[in-house]
>>> print(open('coords.cif').read())   # mmCIF, C-alpha atoms and all ligand atoms
data_start
#
loop_
_atom_site.label_atom_id
_atom_site.label_comp_id
_atom_site.auth_asym_id
_atom_site.auth_seq_id
_atom_site.Cartn_x
_atom_site.Cartn_y
_atom_site.Cartn_z
CA MET A 1 -131.63 31.28 43.74
CA THR A 2 -132.43 28.17 45.76
CA THR A 3 -135.83 27.81 47.34
CA SER A 4 -136.69 25.42 50.12
CA ALA A 5 -140.17 24.14 50.86
CA PRO A 6 -141.52 24.70 54.38
CA PRO A 7 -140.74 21.94 56.91
CA VAL A 8 -144.30 20.61 57.01
CA ALA A 9 -146.45 19.60 54.07
CA ILE A 10 -150.17 19.10 54.68
CA VAL A 11 -151.80 17.12 51.90
CA MET A 12 -155.39 15.95 51.64
CA GLY A 13 -157.51 13.97 49.25
CA SER A 14 -160.08 16.66 48.57
CA ARG A 15 -160.92 20.29 49.23
CA SER A 16 -163.77 18.90 51.33
CA ASP A 17 -161.10 17.70 53.80
CA TRP A 18 -159.80 21.23 54.46
CA PRO A 19 -162.18 22.19 57.31
CA THR A 20 -160.75 19.19 59.18
CA MET A 21 -157.15 19.55 58.07
CA LYS A 22 -157.14 23.27 58.86
CA LYS A 23 -156.92 22.22 62.52
CA ALA A 24 -153.43 20.88 61.78
CA ALA A 25 -152.55 24.15 60.10
CA ASP A 26 -153.93 26.11 63.06
CA ALA A 27 -151.75 24.13 65.49
CA LEU A 28 -148.68 24.84 63.36
CA ASP A 29 -149.60 28.54 63.16
CA GLU A 30 -149.82 28.69 66.97
CA LEU A 31 -146.28 27.33 67.21
CA GLY A 32 -144.76 29.37 64.40
CA VAL A 33 -144.06 26.39 62.17
CA ALA A 34 -144.22 26.99 58.42
CA TYR A 35 -146.22 24.66 56.20
CA GLU A 36 -147.86 24.40 52.84
CA ALA A 37 -151.24 22.77 52.26
CA LYS A 38 -152.56 21.30 49.04
CA VAL A 39 -154.93 18.75 47.55
CA VAL A 40 -153.22 15.56 46.39
CA SER A 41 -155.67 12.77 45.68
CA ALA A 42 -154.53 9.16 45.50
CA HIS A 43 -157.48 8.36 43.25
CA ARG A 44 -158.21 11.50 41.25
CA THR A 45 -154.69 12.92 40.81
CA PRO A 46 -152.36 9.90 41.01
CA GLN A 47 -149.58 11.56 38.99
CA ARG A 48 -149.64 14.60 41.31
CA LEU A 49 -149.32 12.17 44.21
CA VAL A 50 -146.24 10.50 42.72
CA GLU A 51 -144.58 13.84 41.96
CA PHE A 52 -145.30 15.21 45.43
CA ALA A 53 -144.26 12.14 47.39
CA THR A 54 -141.10 11.33 45.45
CA GLY A 55 -139.96 14.95 45.56
CA ALA A 56 -141.01 15.95 49.07
CA LYS A 57 -137.67 15.40 50.80
CA ALA A 58 -135.59 17.02 48.08
CA ALA A 59 -137.99 19.96 48.09
CA GLY A 60 -137.14 20.57 51.74
CA HIS A 61 -140.09 19.13 53.62
CA GLN A 62 -139.26 17.26 56.84
CA VAL A 63 -142.65 15.95 57.98
CA ILE A 64 -145.77 15.16 55.96
CA ILE A 65 -149.32 15.28 57.33
CA ALA A 66 -151.72 13.43 55.05
CA GLY A 67 -155.48 13.43 55.59
CA ALA A 68 -158.12 11.53 53.67
CA GLY A 69 -161.55 10.03 54.10
CA GLY A 70 -163.33 6.86 53.02
CA ALA A 71 -161.00 4.54 51.09
CA ALA A 72 -158.14 6.62 52.43
CA HIS A 73 -155.11 5.44 50.49
CA LEU A 74 -153.31 8.77 50.46
CA PRO A 75 -151.18 8.51 53.63
CA GLY A 76 -149.98 4.99 52.86
CA MET A 77 -149.23 5.79 49.23
CA VAL A 78 -147.29 8.89 50.24
CA ALA A 79 -145.38 6.90 52.86
CA SER A 80 -144.45 4.28 50.26
CA MET A 81 -142.65 6.90 48.18
CA THR A 82 -140.78 8.97 50.79
CA PRO A 83 -138.42 8.38 53.71
CA LEU A 84 -140.02 11.31 55.58
CA PRO A 85 -142.31 10.58 58.55
CA VAL A 86 -145.97 10.57 57.46
CA LEU A 87 -148.71 11.42 59.95
CA GLY A 88 -152.09 10.13 58.79
CA VAL A 89 -155.36 11.84 59.66
CA PRO A 90 -158.59 9.86 59.11
CA VAL A 91 -161.18 12.38 57.92
CA GLN A 92 -164.70 11.72 59.15
CA SER A 93 -166.70 10.25 56.29
CA LYS A 94 -170.45 10.53 55.74
CA ALA A 95 -171.15 6.84 55.21
CA LEU A 96 -169.19 5.28 58.07
CA SER A 97 -168.27 8.23 60.30
CA GLY A 98 -164.57 7.84 59.62
CA LEU A 99 -164.16 4.25 60.75
CA ASP A 100 -163.44 3.39 57.11
CA SER A 101 -160.84 6.17 56.96
CA LEU A 102 -159.23 5.06 60.23
CA LEU A 103 -158.91 1.43 59.23
CA SER A 104 -157.65 2.35 55.75
CA ILE A 105 -154.87 4.44 57.24
CA VAL A 106 -153.92 2.54 60.38
CA GLN A 107 -153.72 -0.98 58.98
CA MET A 108 -150.49 -0.60 57.04
CA PRO A 109 -148.59 -3.81 56.39
CA GLY A 110 -145.26 -4.09 58.20
CA GLY A 111 -142.48 -2.19 56.47
CA ILE A 112 -144.18 1.09 55.54
CA PRO A 113 -145.22 2.99 58.68
CA VAL A 114 -147.88 5.68 58.88
CA ALA A 115 -148.33 7.30 62.30
CA THR A 116 -152.12 7.38 62.54
CA LEU A 117 -154.01 9.97 64.56
CA ALA A 118 -157.60 10.08 65.78
CA ILE A 119 -160.58 10.53 63.46
CA GLY A 120 -161.46 14.10 62.54
CA GLU A 121 -160.51 17.46 64.00
CA ALA A 122 -158.81 16.14 67.15
CA GLY A 123 -156.58 13.95 65.00
CA ALA A 124 -155.77 16.84 62.68
CA ARG A 125 -154.82 19.12 65.59
CA ASN A 126 -152.69 16.37 67.11
CA ALA A 127 -150.99 15.79 63.76
CA GLY A 128 -149.96 19.45 63.74
CA LEU A 129 -148.70 19.22 67.31
CA LEU A 130 -146.87 15.95 66.63
CA ALA A 131 -145.21 17.39 63.53
CA ALA A 132 -143.99 20.29 65.68
CA GLN A 133 -142.71 17.88 68.32
CA ILE A 134 -140.72 15.97 65.70
CA LEU A 135 -139.19 19.18 64.37
CA SER A 136 -138.47 20.37 67.91
CA LEU A 137 -135.90 17.58 68.35
CA ALA A 138 -133.55 19.74 66.29
CA ASP A 139 -135.01 23.15 67.17
CA PRO A 140 -134.63 24.21 70.84
CA ALA A 141 -136.66 27.41 70.34
CA LEU A 142 -139.60 25.41 69.01
CA ALA A 143 -139.21 22.97 71.93
CA SER A 144 -139.53 25.93 74.32
CA ARG A 145 -142.69 27.11 72.57
CA LEU A 146 -144.16 23.62 72.86
CA ASP A 147 -143.31 23.52 76.57
CA ALA A 148 -144.99 26.90 77.08
CA GLN A 149 -148.08 25.78 75.19
CA ARG A 150 -148.37 22.63 77.32
CA ALA A 151 -147.97 24.67 80.51
CA ALA A 152 -150.68 27.11 79.40
CA GLN A 153 -152.98 24.21 78.56
CA THR A 154 -152.41 22.70 82.00
CA ASP A 155 -152.99 26.05 83.70
CA GLY A 156 -156.25 26.38 81.81
CA VAL A 157 -157.78 23.24 83.31
CA ALA A 158 -159.68 24.14 86.49
CA GLU A 159 -159.79 21.51 89.20
CA SER A 160 -163.17 22.60 90.52
CA VAL A 161 -166.29 21.36 88.79
CA GLU A 162 -168.13 24.60 89.55
CA ASP A 163 -167.38 28.26 88.78
C1 LIG B 201 -161.39 11.17 49.73
O1 LIG B 201 -162.74 11.11 49.43
C2 LIG B 201 -161.15 12.53 50.28
O2 LIG B 201 -160.07 12.50 51.16
C3 LIG B 201 -162.44 12.91 50.94
O3 LIG B 201 -162.37 12.72 52.35
C4 LIG B 201 -163.44 11.92 50.35
C5 LIG B 201 -164.58 12.61 49.66
O4 LIG B 201 -164.09 13.49 48.69
P1 LIG B 201 -165.07 14.48 47.93
O5 LIG B 201 -166.04 13.64 47.18
O6 LIG B 201 -165.73 15.35 48.96
O7 LIG B 201 -164.17 15.29 47.01
O8 LIG B 201 -160.61 10.94 48.58
#
>>> encode(input="coords.cif", output="structure tokens", more="lines below")
Ligand code: RP5
Amino acid sequence: MTTSAPPVAIVMGSRSDWPTMKKAADALDELGVAYEAKVVSAHRTPQRLVEFATGAKAAGHQVIIAGAGGAAHLPGMVASMTPLPVLGVPVQSKALSGLDSLLSIVQMPGGIPVATLAIGEAGARNAGLLAAQILSLADPALASRLDAQRAAQTDGVAESVED
């Protein structure tokens, strides 16, 4: 029997990142996109990182969302070991409010791209949406669900400033 991993992998440096990264999972749930989520730390579980990143494409993943905080090496390290697109989410840190995470993730040297989202929950939600948009290029039904979600979002924005 052959098994294929879900199209999206959500990895994060710590369980403490999950309340933030769950927003990516929620966005994927809304759109009916399958994913798996797990802790893969660049610092605390380096061998797990190597095994995940080098095997992600063969396993069947198509897009990777990687979130980390502080000295956030995870997205860049994952990107260095896979041809799959990596979406980086800077988790808000206690010491520097996520500016450290953002700069760690966004300032990749030329040659190894990481698509970096906003700090915190908004970035995580957008990572889920962006992963779905990437997959929708080859999935017309998913593209239709994304269109419907956008239309509903637009319809939900009242023009008036008062009730
Ligand atoms: C990073 O260190 C994680 O991504 C997390 O954002 C941060 C703090 O981790 P914990 O000390 O809460 O496990 O590796």
>>> residues_around(input="coords.cif", residues="Gln62 of chain A", least_positions_apart="6", cutoff="8 Å", atoms="all atoms listed in the file", output="number ranges by chain")
A: 7-8, 84-85, 135
>>> atom_distance(input="coords.cif", atom1="atom CA of Thr54 of chain A", atom2="atom CA of Val86 of chain A")
13.0 Å
>>> residues_around(input="coords.cif", residues="Ala58 of chain A", least_positions_apart="2", cutoff="12 Å", atoms="only C-alpha atoms", output="mmCIF file with C-alpha atoms, in the frame of the given file")
data_model
loop_
_atom_site.group_PDB
_atom_site.id
_atom_site.type_symbol
_atom_site.label_atom_id
_atom_site.label_comp_id
_atom_site.auth_asym_id
_atom_site.auth_seq_id
_atom_site.Cartn_x
_atom_site.Cartn_y
_atom_site.Cartn_z
ATOM 1 C CA THR A 2 -132.430 28.170 45.760
ATOM 2 C CA THR A 3 -135.830 27.810 47.340
ATOM 3 C CA SER A 4 -136.690 25.420 50.120
ATOM 4 C CA ALA A 5 -140.170 24.140 50.860
ATOM 5 C CA PRO A 6 -141.520 24.700 54.380
ATOM 6 C CA PRO A 7 -140.740 21.940 56.910
ATOM 7 C CA GLU A 51 -144.580 13.840 41.960
ATOM 8 C CA PHE A 52 -145.300 15.210 45.430
ATOM 9 C CA ALA A 53 -144.260 12.140 47.390
ATOM 10 C CA THR A 54 -141.100 11.330 45.450
ATOM 11 C CA GLY A 55 -139.960 14.950 45.560
ATOM 12 C CA ALA A 56 -141.010 15.950 49.070
ATOM 13 C CA GLY A 60 -137.140 20.570 51.740
ATOM 14 C CA HIS A 61 -140.090 19.130 53.620
ATOM 15 C CA GLN A 62 -139.260 17.260 56.840
ATOM 16 C CA THR A 82 -140.780 8.970 50.790
ATOM 17 C CA PRO A 83 -138.420 8.380 53.710
ATOM 18 C CA LEU A 84 -140.020 11.310 55.580
#
>>> residues_near_ligand(input="coords.cif", ligand="ligand LIG 201 (chain B)", cutoff="9 Å", atoms="all atoms listed in the file", output="PyMOL selection string")
chain A and resi 12-17+39-44+67-74+90-94+101
>>> residues_around(input="coords.cif", residues="Val89 of chain A", least_positions_apart="2", cutoff="12 Å", atoms="all atoms listed in the file", output="number ranges by chain")
A: 10-13, 17-18, 20-24, 64-70, 72-76, 86-87, 91-93, 98-106, 114-128, 130
>>> write_last_selection(input="coords.cif", atoms="C-alpha atoms", output="short mmCIF file (atom, residue, chain, number, x, y, z; two decimals), in the frame of the given file")
data_model
loop_
_atom_site.label_atom_id
_atom_site.label_comp_id
_atom_site.auth_asym_id
_atom_site.auth_seq_id
_atom_site.Cartn_x
_atom_site.Cartn_y
_atom_site.Cartn_z
CA ILE A 10 -150.17 19.10 54.68
CA VAL A 11 -151.80 17.12 51.90
CA MET A 12 -155.39 15.95 51.64
CA GLY A 13 -157.51 13.97 49.25
CA ASP A 17 -161.10 17.70 53.80
CA TRP A 18 -159.80 21.23 54.46
CA THR A 20 -160.75 19.19 59.18
CA MET A 21 -157.15 19.55 58.07
CA LYS A 22 -157.14 23.27 58.86
CA LYS A 23 -156.92 22.22 62.52
CA ALA A 24 -153.43 20.88 61.78
CA ILE A 64 -145.77 15.16 55.96
CA ILE A 65 -149.32 15.28 57.33
CA ALA A 66 -151.72 13.43 55.05
CA GLY A 67 -155.48 13.43 55.59
CA ALA A 68 -158.12 11.53 53.67
CA GLY A 69 -161.55 10.03 54.10
CA GLY A 70 -163.33 6.86 53.02
CA ALA A 72 -158.14 6.62 52.43
CA HIS A 73 -155.11 5.44 50.49
CA LEU A 74 -153.31 8.77 50.46
CA PRO A 75 -151.18 8.51 53.63
CA GLY A 76 -149.98 4.99 52.86
CA VAL A 86 -145.97 10.57 57.46
CA LEU A 87 -148.71 11.42 59.95
CA VAL A 91 -161.18 12.38 57.92
CA GLN A 92 -164.70 11.72 59.15
CA SER A 93 -166.70 10.25 56.29
CA GLY A 98 -164.57 7.84 59.62
CA LEU A 99 -164.16 4.25 60.75
CA ASP A 100 -163.44 3.39 57.11
CA SER A 101 -160.84 6.17 56.96
CA LEU A 102 -159.23 5.06 60.23
CA LEU A 103 -158.91 1.43 59.23
CA SER A 104 -157.65 2.35 55.75
CA ILE A 105 -154.87 4.44 57.24
CA VAL A 106 -153.92 2.54 60.38
CA VAL A 114 -147.88 5.68 58.88
CA ALA A 115 -148.33 7.30 62.30
CA THR A 116 -152.12 7.38 62.54
CA LEU A 117 -154.01 9.97 64.56
CA ALA A 118 -157.60 10.08 65.78
CA ILE A 119 -160.58 10.53 63.46
CA GLY A 120 -161.46 14.10 62.54
CA GLU A 121 -160.51 17.46 64.00
CA ALA A 122 -158.81 16.14 67.15
CA GLY A 123 -156.58 13.95 65.00
CA ALA A 124 -155.77 16.84 62.68
CA ARG A 125 -154.82 19.12 65.59
CA ASN A 126 -152.69 16.37 67.11
CA ALA A 127 -150.99 15.79 63.76
CA GLY A 128 -149.96 19.45 63.74
CA LEU A 130 -146.87 15.95 66.63
#
>>> atom_distance(input="coords.cif", atom1="atom CA of Ser136 of chain A", atom2="atom CA of Pro109 of chain A")
28.6 Å
